[in-house]
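> Pasting query-v8.tsv below, which is TSV, C-alpha atoms.
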```
chain	number	residue	atom	x	y	z
O	185	MET	CA	-5.31	11.07	23.49
O	186	ASP	CA	-7.76	10.47	26.32
O	187	THR	CA	-10.77	8.18	26.12
O	188	LYS	CA	-13.26	11.04	26.02
O	189	SER	CA	-11.57	12.46	22.92
O	190	ILE	CA	-11.69	9.07	21.18
O	191	VAL	CA	-15.42	8.73	21.94
O	192	TYR	CA	-16.11	12.28	20.72
O	193	ILE	CA	-14.12	11.69	17.52
O	194	ALA	CA	-16.16	8.53	16.86
O	195	LEU	CA	-19.40	10.34	17.73
O	196	PHE	CA	-18.91	13.22	15.30
O	197	ALA	CA	-17.72	10.89	12.54
O	198	ALA	CA	-20.92	8.90	13.10
O	199	LEU	CA	-23.02	12.09	13.25
O	200	THR	CA	-21.76	13.16	9.82
O	201	ALA	CA	-22.63	9.69	8.52
O	202	ALA	CA	-26.08	9.75	10.14
O	203	LEU	CA	-26.82	13.16	8.58
O	204	GLY	CA	-26.28	11.47	5.22
O	205	LEU	CA	-29.35	9.34	5.94
O	206	MET	CA	-31.60	12.41	5.96
O	207	PRO	CA	-33.46	12.84	2.69
O	208	PRO	CA	-31.67	15.45	0.54
O	209	ILE	CA	-33.53	18.68	-0.19
O	210	SER	CA	-33.99	19.28	-3.91
O	211	PHE	CA	-34.48	22.78	-5.22
O	212	ALA	CA	-34.39	24.30	-8.70
O	213	GLY	CA	-35.60	21.00	-10.09
O	214	LEU	CA	-33.07	18.66	-11.65
O	215	ALA	CA	-30.73	21.38	-12.84
O	216	LEU	CA	-28.76	21.32	-9.62
O	217	PRO	CA	-27.65	18.51	-7.33
O	218	PRO	CA	-29.64	18.17	-4.12
O	219	ILE	CA	-28.40	19.80	-0.94
O	220	THR	CA	-27.52	17.31	1.78
O	221	ALA	CA	-27.25	17.82	5.50
O	222	GLN	CA	-23.77	16.31	5.79
O	223	SER	CA	-21.73	19.50	5.89
O	224	LEU	CA	-23.78	20.36	8.99
O	225	GLY	CA	-21.84	17.51	10.60
O	226	VAL	CA	-18.58	19.25	9.70
O	227	MET	CA	-19.74	22.52	11.23
O	228	LEU	CA	-21.02	20.85	14.41
O	229	ALA	CA	-17.88	18.73	14.84
O	230	GLY	CA	-15.76	21.88	14.80
O	231	ALA	CA	-18.05	24.11	16.83
O	232	VAL	CA	-18.94	21.52	19.49
O	233	ALA	CA	-15.94	19.19	19.73
O	234	GLY	CA	-13.16	21.69	19.07
O	235	ALA	CA	-10.25	21.80	16.64
O	236	ARG	CA	-8.44	18.56	17.50
O	237	ARG	CA	-11.43	16.30	18.11
O	238	GLY	CA	-13.46	17.82	15.27
O	239	GLY	CA	-10.64	17.60	12.76
O	240	PHE	CA	-9.86	14.00	13.64
O	241	ALA	CA	-13.57	13.12	13.57
O	242	LEU	CA	-13.88	14.21	9.96
O	243	LEU	CA	-10.56	12.58	9.10
O	244	LEU	CA	-11.99	9.34	10.48
O	245	PHE	CA	-15.18	9.90	8.51
O	246	ILE	CA	-13.45	10.34	5.15
O	247	ALA	CA	-11.20	7.36	5.92
O	248	LEU	CA	-14.33	5.24	6.44
O	249	VAL	CA	-15.75	6.55	3.16
O	250	ALA	CA	-12.46	5.77	1.39
O	251	VAL	CA	-12.38	2.15	2.59
O	252	GLY	CA	-15.73	1.59	0.89
O	253	LEU	CA	-18.50	2.22	3.42
O	254	PRO	CA	-21.52	3.89	1.79
O	255	LEU	CA	-21.66	6.76	4.29
O	256	LEU	CA	-22.14	9.71	1.95
O	257	ALA	CA	-25.63	11.02	1.18
O	258	GLY	CA	-27.40	8.74	-1.28
O	259	GLY	CA	-25.38	5.73	-0.11
O	260	ARG	CA	-22.24	6.72	-1.97
O	261	GLY	CA	-18.74	5.85	-0.86
O	262	GLY	CA	-15.50	4.24	-1.91
O	263	LEU	CA	-12.45	5.71	-3.54
O	264	GLY	CA	-14.38	6.89	-6.60
O	265	VAL	CA	-15.97	9.84	-4.79
O	266	PHE	CA	-12.54	11.38	-4.15
O	267	PHE	CA	-11.84	11.43	-7.87
O	268	GLY	CA	-15.28	12.90	-8.56
O	269	THR	CA	-16.04	16.57	-8.88
O	270	SER	CA	-16.90	17.03	-5.20
O	271	GLY	CA	-13.80	15.18	-3.97
O	272	GLY	CA	-12.10	18.42	-2.96
O	273	PHE	CA	-14.98	19.38	-0.68
O	274	LEU	CA	-14.71	15.99	0.99
O	275	LEU	CA	-10.96	16.37	1.54
O	276	ALA	CA	-11.57	19.87	2.92
O	277	TRP	CA	-13.92	18.60	5.65
O	278	PRO	CA	-11.26	17.76	8.30
O	279	LEU	CA	-9.54	21.11	7.75
O	280	SER	CA	-12.86	23.00	7.88
O	281	ALA	CA	-13.83	21.31	11.14
O	282	ALA	CA	-10.40	22.03	12.62
O	283	LEU	CA	-10.53	25.70	11.63
O	284	ILE	CA	-14.05	26.13	13.03
O	285	GLY	CA	-13.00	24.43	16.24
O	286	TYR	CA	-9.92	26.59	16.58
O	287	LEU	CA	-11.83	29.85	16.03
O	288	VAL	CA	-14.86	29.01	18.18
O	289	THR	CA	-12.95	27.70	21.20
O	290	LYS	CA	-10.24	30.38	21.09
O	291	LYS	CA	-12.18	32.56	23.50
O	292	SER	CA	-14.55	31.31	26.17
O	293	ASP	CA	-17.40	33.69	25.43
O	294	VAL	CA	-18.26	34.08	21.76
O	295	SER	CA	-21.41	35.91	20.67
O	296	PHE	CA	-24.04	34.36	18.38
O	297	LEU	CA	-22.94	36.46	15.42
O	298	MET	CA	-19.24	35.71	15.89
O	299	THR	CA	-19.93	31.97	16.24
O	300	ALA	CA	-21.90	32.09	12.99
O	301	ILE	CA	-19.09	34.01	11.25
O	302	TYR	CA	-16.47	31.53	12.47
O	303	ILE	CA	-18.57	28.57	11.31
O	304	ALA	CA	-19.09	30.23	7.93
O	305	LEU	CA	-15.33	30.89	7.60
O	306	GLY	CA	-14.49	27.21	8.03
O	307	GLY	CA	-17.65	25.64	6.67
O	308	ILE	CA	-18.11	27.81	3.58
O	309	VAL	CA	-15.03	29.94	2.83
O	310	LEU	CA	-12.30	27.36	3.51
O	311	MET	CA	-14.37	24.47	2.15
O	312	TYR	CA	-15.05	26.28	-1.12
O	313	ALA	CA	-11.44	27.50	-1.30
O	314	ILE	CA	-10.31	23.86	-1.47
O	315	GLY	CA	-13.32	22.33	-3.23
O	316	ILE	CA	-13.69	24.76	-6.11
O	317	PRO	CA	-10.09	24.56	-7.45
O	318	TRP	CA	-10.38	20.76	-7.22
O	319	MET	CA	-13.60	20.85	-9.22
O	320	ALA	CA	-11.99	23.19	-11.75
O	321	PHE	CA	-9.01	20.82	-12.05
O	322	ILE	CA	-10.95	17.54	-12.33
O	323	GLY	CA	-13.56	18.98	-14.67
O	324	ASN	CA	-11.06	21.06	-16.63
O	325	LEU	CA	-13.33	24.04	-15.98
O	326	GLY	CA	-12.06	27.51	-15.38
O	327	LEU	CA	-12.13	28.79	-11.81
O	328	SER	CA	-14.78	31.39	-12.59
O	329	LYS	CA	-17.11	28.79	-14.15
O	330	SER	CA	-16.71	26.51	-11.13
O	331	ILE	CA	-17.47	29.42	-8.81
O	332	THR	CA	-20.64	30.16	-10.80
O	333	ILE	CA	-21.81	26.57	-10.28
O	334	MET	CA	-21.11	26.68	-6.54
O	335	VAL	CA	-23.00	29.95	-5.96
O	336	ALA	CA	-26.19	27.87	-6.05
O	337	TYR	CA	-25.08	26.11	-2.86
O	338	VAL	CA	-24.42	29.21	-0.79
O	339	PRO	CA	-28.04	29.77	0.40
O	340	GLY	CA	-28.32	26.17	1.63
O	341	ASP	CA	-24.96	26.42	3.36
O	342	LEU	CA	-26.01	29.65	5.08
O	343	VAL	CA	-29.06	27.86	6.49
O	344	LYS	CA	-26.74	25.15	7.80
O	345	VAL	CA	-24.48	27.78	9.40
O	346	VAL	CA	-27.44	29.23	11.33
O	347	LEU	CA	-28.59	25.75	12.41
O	348	ALA	CA	-25.08	24.76	13.50
O	349	THR	CA	-24.72	28.00	15.46
O	350	ILE	CA	-28.01	27.48	17.31
O	351	ILE	CA	-27.21	23.85	18.14
O	352	ALA	CA	-23.59	24.51	19.13
O	353	ARG	CA	-24.56	27.39	21.45
O	354	GLY	CA	-27.39	25.35	22.94
O	355	LEU	CA	-25.01	22.47	23.63
O	356	ARG	CA	-22.46	24.76	25.26
O	357	ARG	CA	-25.21	26.03	27.54
O	358	ALA	CA	-26.28	22.46	28.39
O	359	PHE	CA	-22.70	21.21	28.88
O	360	PRO	CA	-20.58	24.17	30.05
O	361	ASN	CA	-17.40	22.08	30.32
O	362	LEU	CA	-17.73	20.49	26.91
U	99	MET	CA	-22.41	-3.05	8.49
U	100	LEU	CA	-23.14	-3.16	4.80
U	101	ASP	CA	-20.24	-2.11	2.59
U	102	LEU	CA	-19.97	-1.69	-1.15
U	103	TYR	CA	-18.01	-4.96	-1.55
U	104	SER	CA	-19.21	-7.35	-4.23
U	105	PRO	CA	-18.14	-10.95	-3.42
U	106	GLY	CA	-16.04	-12.83	-5.96
U	107	THR	CA	-12.95	-14.99	-6.49
U	108	SER	CA	-11.16	-13.12	-9.29
U	109	PRO	CA	-7.42	-12.31	-9.02
U	110	LEU	CA	-8.37	-8.72	-8.21
U	111	HIS	CA	-10.55	-9.91	-5.34
U	112	ARG	CA	-7.69	-12.01	-3.96
U	113	LEU	CA	-5.06	-9.29	-4.24
U	114	PRO	CA	-4.33	-7.56	-0.89
U	115	PRO	CA	-5.59	-3.96	-0.59
U	116	ALA	CA	-2.19	-2.19	-0.54
U	117	PRO	CA	-1.03	-3.06	-4.10
U	118	LYS	CA	-4.52	-2.29	-5.42
U	119	MET	CA	-4.43	1.17	-3.85
U	120	LEU	CA	-0.94	1.77	-5.23
U	121	ALA	CA	-2.02	0.73	-8.74
U	122	LEU	CA	-5.03	3.05	-8.48
U	123	MET	CA	-2.87	6.02	-7.48
U	124	ILE	CA	-0.47	5.38	-10.40
U	125	SER	CA	-3.28	4.95	-12.95
U	126	ALA	CA	-5.06	8.09	-11.74
U	127	THR	CA	-1.86	10.12	-12.08
U	128	LEU	CA	-1.28	8.75	-15.58
U	129	LEU	CA	-4.83	9.66	-16.57
U	130	PHE	CA	-4.18	13.25	-15.55
U	131	ILE	CA	-0.81	13.47	-17.31
U	132	ASN	CA	-2.27	12.06	-20.53
U	133	GLN	CA	-3.86	14.75	-22.70
U	134	SER	CA	-5.05	12.72	-25.70
U	135	LEU	CA	-8.68	11.83	-26.30
U	136	PRO	CA	-8.08	8.43	-28.04
U	137	LEU	CA	-5.89	7.21	-25.16
U	138	THR	CA	-8.50	8.30	-22.61
U	139	LEU	CA	-11.17	6.46	-24.59
U	140	VAL	CA	-8.99	3.33	-24.60
U	141	ALA	CA	-8.44	3.68	-20.85
U	142	THR	CA	-12.18	4.01	-20.20
U	143	LEU	CA	-13.00	0.97	-22.35
U	144	ALA	CA	-10.15	-1.03	-20.77
U	145	THR	CA	-11.51	-0.21	-17.29
U	146	LEU	CA	-14.98	-1.26	-18.43
U	147	THR	CA	-13.68	-4.63	-19.70
U	148	LEU	CA	-12.07	-5.19	-16.30
U	149	TYR	CA	-15.56	-5.30	-14.76
U	150	PRO	CA	-16.74	-8.56	-16.43
U	151	LEU	CA	-13.22	-9.97	-16.02
U	152	THR	CA	-13.47	-9.54	-12.24
U	153	GLN	CA	-16.94	-11.12	-12.01
U	154	LEU	CA	-18.67	-7.75	-11.80
U	155	THR	CA	-21.48	-6.79	-14.13
U	156	LEU	CA	-21.68	-3.80	-16.43
U	157	LYS	CA	-24.81	-2.93	-14.48
U	158	GLN	CA	-22.60	-2.38	-11.44
U	159	ALA	CA	-20.32	-0.18	-13.53
U	160	ALA	CA	-23.32	1.87	-14.63
U	161	ALA	CA	-24.43	2.22	-11.00
U	162	GLN	CA	-21.09	3.92	-10.18
U	163	ILE	CA	-21.65	6.54	-12.87
U	164	ARG	CA	-25.39	7.13	-12.43
U	165	PRO	CA	-25.25	9.53	-9.43
U	166	LEU	CA	-22.86	11.72	-11.42
U	167	LEU	CA	-24.81	11.79	-14.67
U	168	TRP	CA	-26.12	15.32	-14.11
U	169	ILE	CA	-22.63	16.70	-13.51
U	170	PHE	CA	-21.29	14.83	-16.54
U	171	GLY	CA	-23.99	16.48	-18.59
U	172	LEU	CA	-23.22	19.89	-17.13
U	173	PHE	CA	-19.47	19.56	-17.70
U	174	PHE	CA	-20.00	18.26	-21.21
U	175	ALA	CA	-22.22	21.22	-22.06
U	176	VAL	CA	-19.87	23.80	-20.55
U	177	GLN	CA	-16.77	22.33	-22.20
U	178	TRP	CA	-18.51	21.94	-25.54
U	179	TYR	CA	-19.58	25.57	-25.42
U	180	PHE	CA	-16.19	26.97	-24.42
U	181	SER	CA	-13.57	24.55	-25.76
U	182	GLY	CA	-15.22	22.35	-28.38
U	183	ILE	CA	-16.67	18.85	-28.44
U	184	GLN	CA	-13.27	17.08	-28.34
U	185	MET	CA	-12.36	18.69	-25.03
U	186	ALA	CA	-15.83	17.94	-23.70
U	187	ALA	CA	-15.51	14.25	-24.57
U	188	TYR	CA	-11.99	14.11	-23.11
U	189	VAL	CA	-12.98	15.63	-19.76
U	190	VAL	CA	-16.08	13.47	-19.28
U	191	LEU	CA	-14.32	10.27	-20.35
U	192	ARG	CA	-11.40	10.95	-18.03
U	193	LEU	CA	-13.79	11.52	-15.15
U	194	ALA	CA	-15.66	8.29	-15.99
U	195	ALA	CA	-12.41	6.29	-16.21
U	196	LEU	CA	-11.20	7.62	-12.84
U	197	ILE	CA	-14.44	6.82	-11.08
U	198	LEU	CA	-14.81	3.37	-12.65
U	199	LEU	CA	-11.22	2.50	-11.73
U	200	ALA	CA	-11.55	3.64	-8.12
U	201	SER	CA	-14.90	1.86	-7.79
U	202	LEU	CA	-13.25	-1.31	-9.11
U	203	VAL	CA	-10.92	-1.26	-6.08
U	204	THR	CA	-13.82	-0.55	-3.73
U	205	LEU	CA	-16.05	-3.28	-5.21
U	206	THR	CA	-13.34	-5.96	-4.99
U	207	THR	CA	-12.07	-5.13	-1.49
U	208	ARG	CA	-13.86	-5.79	1.81
U	209	SER	CA	-14.06	-2.72	4.05
U	210	SER	CA	-12.76	-4.82	6.94
U	211	ASP	CA	-9.63	-5.72	4.92
U	212	MET	CA	-9.13	-2.05	4.06
U	213	ILE	CA	-9.50	-1.07	7.71
U	214	ASP	CA	-6.98	-3.77	8.71
U	215	THR	CA	-4.48	-2.52	6.13
U	216	MET	CA	-5.06	1.03	7.31
U	217	THR	CA	-4.60	0.31	11.02
U	218	SER	CA	-1.56	-1.91	10.46
U	219	SER	CA	0.09	0.74	8.29
U	220	LEU	CA	-0.42	3.16	11.19
U	221	ARG	CA	2.38	1.26	12.96
U	222	PHE	CA	4.82	3.40	11.00
U	223	LEU	CA	3.27	6.52	12.52
U	224	LYS	CA	3.86	5.28	16.08
U	225	PRO	CA	6.89	7.55	16.54
U	226	LEU	CA	4.57	10.49	15.80
U	227	GLY	CA	2.34	9.47	18.70
U	228	VAL	CA	-0.33	7.60	16.73
U	229	ASN	CA	-1.70	4.62	18.62
U	230	PRO	CA	-3.22	2.02	16.24
U	231	ALA	CA	-5.30	0.48	19.06
U	232	LYS	CA	-6.96	3.84	19.75
U	233	VAL	CA	-7.67	4.35	16.07
U	234	GLY	CA	-9.22	0.88	16.01
U	235	LEU	CA	-11.43	1.80	19.00
U	236	ALA	CA	-12.53	5.02	17.27
U	237	ILE	CA	-13.44	3.10	14.10
U	238	SER	CA	-15.52	0.47	15.86
U	239	LEU	CA	-17.22	3.09	18.07
U	240	ALA	CA	-18.10	5.22	15.03
U	241	LEU	CA	-19.62	2.26	13.19
U	242	ARG	CA	-21.68	1.40	16.29
U	243	PHE	CA	-22.82	5.01	16.79
U	244	ILE	CA	-24.40	5.41	13.33
U	245	PRO	CA	-27.45	3.18	13.97
U	246	VAL	CA	-27.71	4.51	17.54
U	247	LEU	CA	-27.89	8.10	16.27
U	248	ALA	CA	-30.51	7.13	13.71
U	249	GLN	CA	-32.54	5.49	16.48
U	250	ILE	CA	-32.28	8.46	18.84
U	251	THR	CA	-33.44	10.73	16.01
U	252	THR	CA	-36.46	8.52	15.34
U	253	GLU	CA	-37.41	8.51	19.02
U	254	VAL	CA	-37.11	12.28	19.42
U	255	ARG	CA	-38.99	12.88	16.18
U	256	GLU	CA	-41.89	10.70	17.39
U	257	ALA	CA	-41.92	12.47	20.74
U	258	GLN	CA	-42.06	15.88	19.07
U	259	LYS	CA	-44.74	14.69	16.65
U	260	ALA	CA	-46.91	13.89	19.66
U	261	ARG	CA	-46.44	17.53	20.71
U	262	GLY	CA	-47.21	18.82	17.20
U	263	LEU	CA	-43.63	19.99	16.69
U	264	GLU	CA	-42.69	17.71	13.81
U	265	ARG	CA	-42.11	20.69	11.50
U	266	SER	CA	-39.55	22.37	13.74
U	267	ILE	CA	-35.96	21.32	12.96
U	268	ILE	CA	-34.56	22.81	16.17
U	269	ALA	CA	-37.15	21.02	18.33
U	270	THR	CA	-35.77	17.74	17.00
U	271	ALA	CA	-32.10	18.59	16.54
U	272	MET	CA	-31.51	20.07	20.00
U	273	PRO	CA	-32.77	17.11	22.09
U	274	VAL	CA	-30.95	14.71	19.75
U	275	ALA	CA	-27.70	16.67	20.19
U	276	ILE	CA	-28.04	16.80	23.98
U	277	ARG	CA	-28.88	13.10	24.26
U	278	THR	CA	-25.95	12.06	22.06
U	279	ILE	CA	-23.42	14.19	23.97
U	280	LYS	CA	-24.74	12.73	27.23
U	281	MET	CA	-24.44	9.24	25.74
U	282	ALA	CA	-20.86	9.94	24.64
U	283	ASP	CA	-19.91	11.11	28.14
U	284	ASP	CA	-21.50	8.00	29.67
U	285	ILE	CA	-19.67	5.73	27.23
U	286	SER	CA	-16.28	7.30	27.87
U	287	ASP	CA	-16.88	6.97	31.63
U	288	ALA	CA	-17.83	3.32	31.09
U	289	ILE	CA	-14.69	2.65	29.04
U	290	GLU	CA	-12.49	4.32	31.65
U	291	SER	CA	-14.11	2.55	34.57
U	292	ARG	CA	-13.32	-0.78	32.94
U	293	GLY	CA	-9.64	0.16	33.04
U	294	TYR	CA	-9.13	0.61	29.30
U	295	ARG	CA	-5.43	1.23	28.70
U	296	PRO	CA	-4.53	0.72	25.03
```
Could you quickly redo this structure as structure tokens?

Amino acid sequence: MDTKSIVYIALFAALTAALGLMPPISFAGLALPPITAQSLGVMLAGAVAGARRGGFALLLFIALVAVGLPLLAGGRGGLGVFFGTSGGFLLAWPLSAALIGYLVTKKSDVSFLMTAIYIALGGIVLMYAIGIPWMAFIGNLGLSKSITIMVAYVPGDLVKVVLATIIARGLRRAFPNL
Amino acid sequence: MLDLYSPGTSPLHRLPPAPKMLALMISATLLFINQSLPLTLVATLATLTLYPLTQLTLKQAAAQIRPLLWIFGLFFAVQWYFSGIQMAAYVVLRLAALILLASLVTLTTRSSDMIDTMTSSLRFLKPLGVNPAKVGLAISLALRFIPVLAQITTEVREAQKARGLERSIIATAMPVAIRTIKMADDISDAIESRGYRP
């Protein structure tokens, strides 16, 4: 792997960590957990850095979380988070980034709408497809109940998809040979 | 870089990371195989007693659980409603035991020791084309980038505030993204020009 790839992998791992420093947005009071900006890092890693670099960046990020660095939103980290209810979403991050990267960089000219759809496929569909069964398993909930809980996160994730699309397309304009 | 390590001299602190990880994996699997509520309760209490035994406080144990309290409550309510109070207690206790156990490993192991174990175990992946030195470079670069990114964001946010754009997310995010990509390109050029060959 060339030096530029290593630097990009480190950069997007760090970006996901830095997004965890942003104050989480609370909605619906205390009934639901706050929405954090960190999955925006997953979407950007895939859409900007591509499948290989993006996937490895998130792999590096979850490895750093696993070894005990408090890089998740709210200063959480360590092995415990993987056994928690959102552990599946965390483990899905590298795959989501890789899928987004694969889809977005497959063709050289992708429209705004298609970029957004690709980001949503990896960043919402795939992530939920891995995260929800995990949550159902750990919490001994049925699949349908877990899905009901996660519906509350979809609006926030859609906002992140739009943001990631705007930023990724802007970056591709600024750096055509990214 | 601040990690979650809590200094101490207990046997668990002195144990190398690899056997601790292995023990955690085995205990977690056992917790999932076990279906009985009394055994899960015993496991949770046993994990809790390990905290004072390894020079950690029960306050630290509580801090591991606190961020998840809402979801514990939610799961308890849902399980109680659909499968009865026994199932509810079993699920929440199992979750608590798992998290306390995993946090025990994290609290008694320095991140640097974990990273060392991780990179040295990558030796076995060398035939697959994994270069431990490159992984090490990526780790140290990532840890250095986090405060840099935070600083760039602060600078851009102040600049946009002066223009009255502090409410626009894009007006902050876009310049931050462009500056960081430019920085990354400069850094990889700098590494190459110093003849880095891992």
> Identify which of the residues U:Leu156, U:Ala195, U:Met119, U:Leu166 lies closest to Ala141 (chain U), counting all atoms listed in the file when measuring atom-to-atom distances.
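When distances to Ala141 (chain U) are compared using all atoms listed in the file, the smallest one comes from U:Ala195.
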> Between CA of Leu135 (chain U) and CA of Val189 (chain U), what is the distance in Å, rounded to a tenth?
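Answer for the CA of Leu135 (chain U) to CA of Val189 (chain U) separation: 8.7 Å.
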> Could you tell me how far CA of Met227 (chain O) lies from CA of Leu205 (chain O), in Å and to one decimal?
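According to the coordinates, CA of Met227 (chain O) and CA of Leu205 (chain O) are separated by 17.1 Å.
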> State, in Å with one decimal place, the distance from CA of Leu137 (chain U) to CA of Gly182 (chain U).
18.1 Å
> Report the closest atom pair, with its distance in Å rounded to one decimal, for each residue of chain O that has an atom no farther than 7 Å from chain U; count only C-alpha atoms, sort by chain and then rising residue number, and write it as CSV.

```
residue,atom,partner,partner_atom,distance
O:Thr187,CA,U:Ser286,CA,5.8
O:Lys188,CA,U:Ser286,CA,5.2
O:Ile190,CA,U:Ala236,CA,5.7
O:Val191,CA,U:Ser286,CA,6.2
O:Tyr192,CA,U:Ala282,CA,6.6
O:Ile193,CA,U:Ala236,CA,6.9
O:Ala194,CA,U:Ala240,CA,4.3
O:Leu195,CA,U:Ala240,CA,5.9
O:Ala197,CA,U:Ala240,CA,6.2
O:Ala198,CA,U:Ile244,CA,4.9
O:Leu199,CA,U:Ile244,CA,6.8
O:Ala201,CA,U:Ile244,CA,6.7
O:Ala202,CA,U:Ile244,CA,5.6
O:Val251,CA,U:Ser209,CA,5.4
O:Gly252,CA,U:Thr204,CA,5.4
O:Leu253,CA,U:Asp101,CA,4.7
O:Pro254,CA,U:Asp101,CA,6.2
O:Gly262,CA,U:Thr204,CA,5.4
O:Leu263,CA,U:Ala200,CA,5.1
O:Gly264,CA,U:Ile197,CA,4.5
O:Phe267,CA,U:Ile197,CA,6.2
O:Gly268,CA,U:Ile197,CA,6.6
O:Gly323,CA,U:Val189,CA,6.1
O:Asn324,CA,U:Val189,CA,6.6
O:Ile351,CA,U:Met272,CA,6.0
O:Leu355,CA,U:Ile276,CA,6.4
```
> Set up a box along x, y and z of the file covering all listed atoms of region 226-230 of chain O, add 3 Å on every one of the six sides, and write the centre and edge lengths in Å to one decimal, as AutoDock Vina command-line options.

```
--center_x -18.4 --center_y 20.6 --center_z 12.3 --size_x 11.3 --size_y 9.8 --size_z 11.1
```
> For each of O:Val232, O:Val288, O:Ala300, O:Val309, take the minimum atom-to-atom distance to Arg357 (chain O), counting all atoms listed in the file, then give the residue where this is smallest.
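Smallest separation from Arg357 (chain O) among the options: O:Val232.
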> Which is closer to Pro317 (chain O) than all the others in O:Phe273, O:Tyr286, O:Tyr302, O:Tyr337, using only C-alpha atoms?
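Result for the nearest residue to Pro317 (chain O): O:Phe273.
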> Which is closest to Gly234 (chain O) among O:Leu275, O:Ala282, O:Leu203, O:Val346, if we use all atoms listed in the file?
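Closest residue, counting all atoms listed in the file: O:Ala282.
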> Kindly reconstruct region 222-240 of chain O with N, CA and C atoms and present the result as a PDB file, in the frame of the given file.

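As a result, selection.pdb now contains:
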```pdb
ATOM      1  N   GLN O 222     -25.019  16.821   5.217  1.00  0.00           N
ATOM      2  CA  GLN O 222     -23.770  16.310   5.790  1.00  0.00           C
ATOM      3  C   GLN O 222     -22.760  17.377   6.195  1.00  0.00           C
ATOM      4  N   SER O 223     -22.726  18.520   5.472  1.00  0.00           N
ATOM      5  CA  SER O 223     -21.730  19.500   5.890  1.00  0.00           C
ATOM      6  C   SER O 223     -22.115  20.153   7.219  1.00  0.00           C
ATOM      7  N   LEU O 224     -23.383  19.955   7.633  1.00  0.00           N
ATOM      8  CA  LEU O 224     -23.780  20.360   8.990  1.00  0.00           C
ATOM      9  C   LEU O 224     -22.961  19.585  10.027  1.00  0.00           C
ATOM     10  N   GLY O 225     -22.670  18.327   9.718  1.00  0.00           N
ATOM     11  CA  GLY O 225     -21.840  17.510  10.600  1.00  0.00           C
ATOM     12  C   GLY O 225     -20.450  18.101  10.756  1.00  0.00           C
ATOM     13  N   VAL O 226     -19.903  18.624   9.661  1.00  0.00           N
ATOM     14  CA  VAL O 226     -18.580  19.250   9.700  1.00  0.00           C
ATOM     15  C   VAL O 226     -18.605  20.457  10.621  1.00  0.00           C
ATOM     16  N   MET O 227     -19.642  21.306  10.427  1.00  0.00           N
ATOM     17  CA  MET O 227     -19.740  22.520  11.230  1.00  0.00           C
ATOM     18  C   MET O 227     -19.909  22.191  12.714  1.00  0.00           C
ATOM     19  N   LEU O 228     -20.774  21.208  13.015  1.00  0.00           N
ATOM     20  CA  LEU O 228     -21.020  20.850  14.410  1.00  0.00           C
ATOM     21  C   LEU O 228     -19.780  20.229  15.043  1.00  0.00           C
ATOM     22  N   ALA O 229     -19.084  19.374  14.290  1.00  0.00           N
ATOM     23  CA  ALA O 229     -17.880  18.730  14.840  1.00  0.00           C
ATOM     24  C   ALA O 229     -16.890  19.803  15.275  1.00  0.00           C
ATOM     25  N   GLY O 230     -16.689  20.817  14.439  1.00  0.00           N
ATOM     26  CA  GLY O 230     -15.760  21.880  14.800  1.00  0.00           C
ATOM     27  C   GLY O 230     -16.272  22.706  15.956  1.00  0.00           C
ATOM     28  N   ALA O 231     -17.526  23.158  15.846  1.00  0.00           N
ATOM     29  CA  ALA O 231     -18.050  24.110  16.830  1.00  0.00           C
ATOM     30  C   ALA O 231     -18.317  23.466  18.184  1.00  0.00           C
ATOM     31  N   VAL O 232     -18.619  22.172  18.211  1.00  0.00           N
ATOM     32  CA  VAL O 232     -18.940  21.520  19.490  1.00  0.00           C
ATOM     33  C   VAL O 232     -17.718  20.801  20.058  1.00  0.00           C
ATOM     34  N   ALA O 233     -17.000  20.040  19.204  1.00  0.00           N
ATOM     35  CA  ALA O 233     -15.940  19.190  19.730  1.00  0.00           C
ATOM     36  C   ALA O 233     -14.581  19.872  19.741  1.00  0.00           C
ATOM     37  N   GLY O 234     -14.435  21.002  19.062  1.00  0.00           N
ATOM     38  CA  GLY O 234     -13.160  21.690  19.070  1.00  0.00           C
ATOM     39  C   GLY O 234     -12.273  21.285  17.901  1.00  0.00           C
ATOM     40  N   ALA O 235     -11.106  21.962  17.818  1.00  0.00           N
ATOM     41  CA  ALA O 235     -10.250  21.800  16.640  1.00  0.00           C
ATOM     42  C   ALA O 235      -9.714  20.375  16.503  1.00  0.00           C
ATOM     43  N   ARG O 236      -9.090  19.864  17.579  1.00  0.00           N
ATOM     44  CA  ARG O 236      -8.440  18.560  17.500  1.00  0.00           C
ATOM     45  C   ARG O 236      -9.457  17.442  17.288  1.00  0.00           C
ATOM     46  N   ARG O 237     -10.452  17.384  18.192  1.00  0.00           N
ATOM     47  CA  ARG O 237     -11.430  16.300  18.110  1.00  0.00           C
ATOM     48  C   ARG O 237     -12.241  16.410  16.818  1.00  0.00           C
ATOM     49  N   GLY O 238     -12.655  17.635  16.472  1.00  0.00           N
ATOM     50  CA  GLY O 238     -13.460  17.820  15.270  1.00  0.00           C
ATOM     51  C   GLY O 238     -12.706  17.458  14.007  1.00  0.00           C
ATOM     52  N   GLY O 239     -11.456  17.907  13.934  1.00  0.00           N
ATOM     53  CA  GLY O 239     -10.640  17.600  12.760  1.00  0.00           C
ATOM     54  C   GLY O 239     -10.426  16.110  12.596  1.00  0.00           C
ATOM     55  N   PHE O 240     -10.083  15.444  13.702  1.00  0.00           N
ATOM     56  CA  PHE O 240      -9.860  14.000  13.640  1.00  0.00           C
ATOM     57  C   PHE O 240     -11.165  13.254  13.336  1.00  0.00           C
TER      58      PHE O 240
END
```
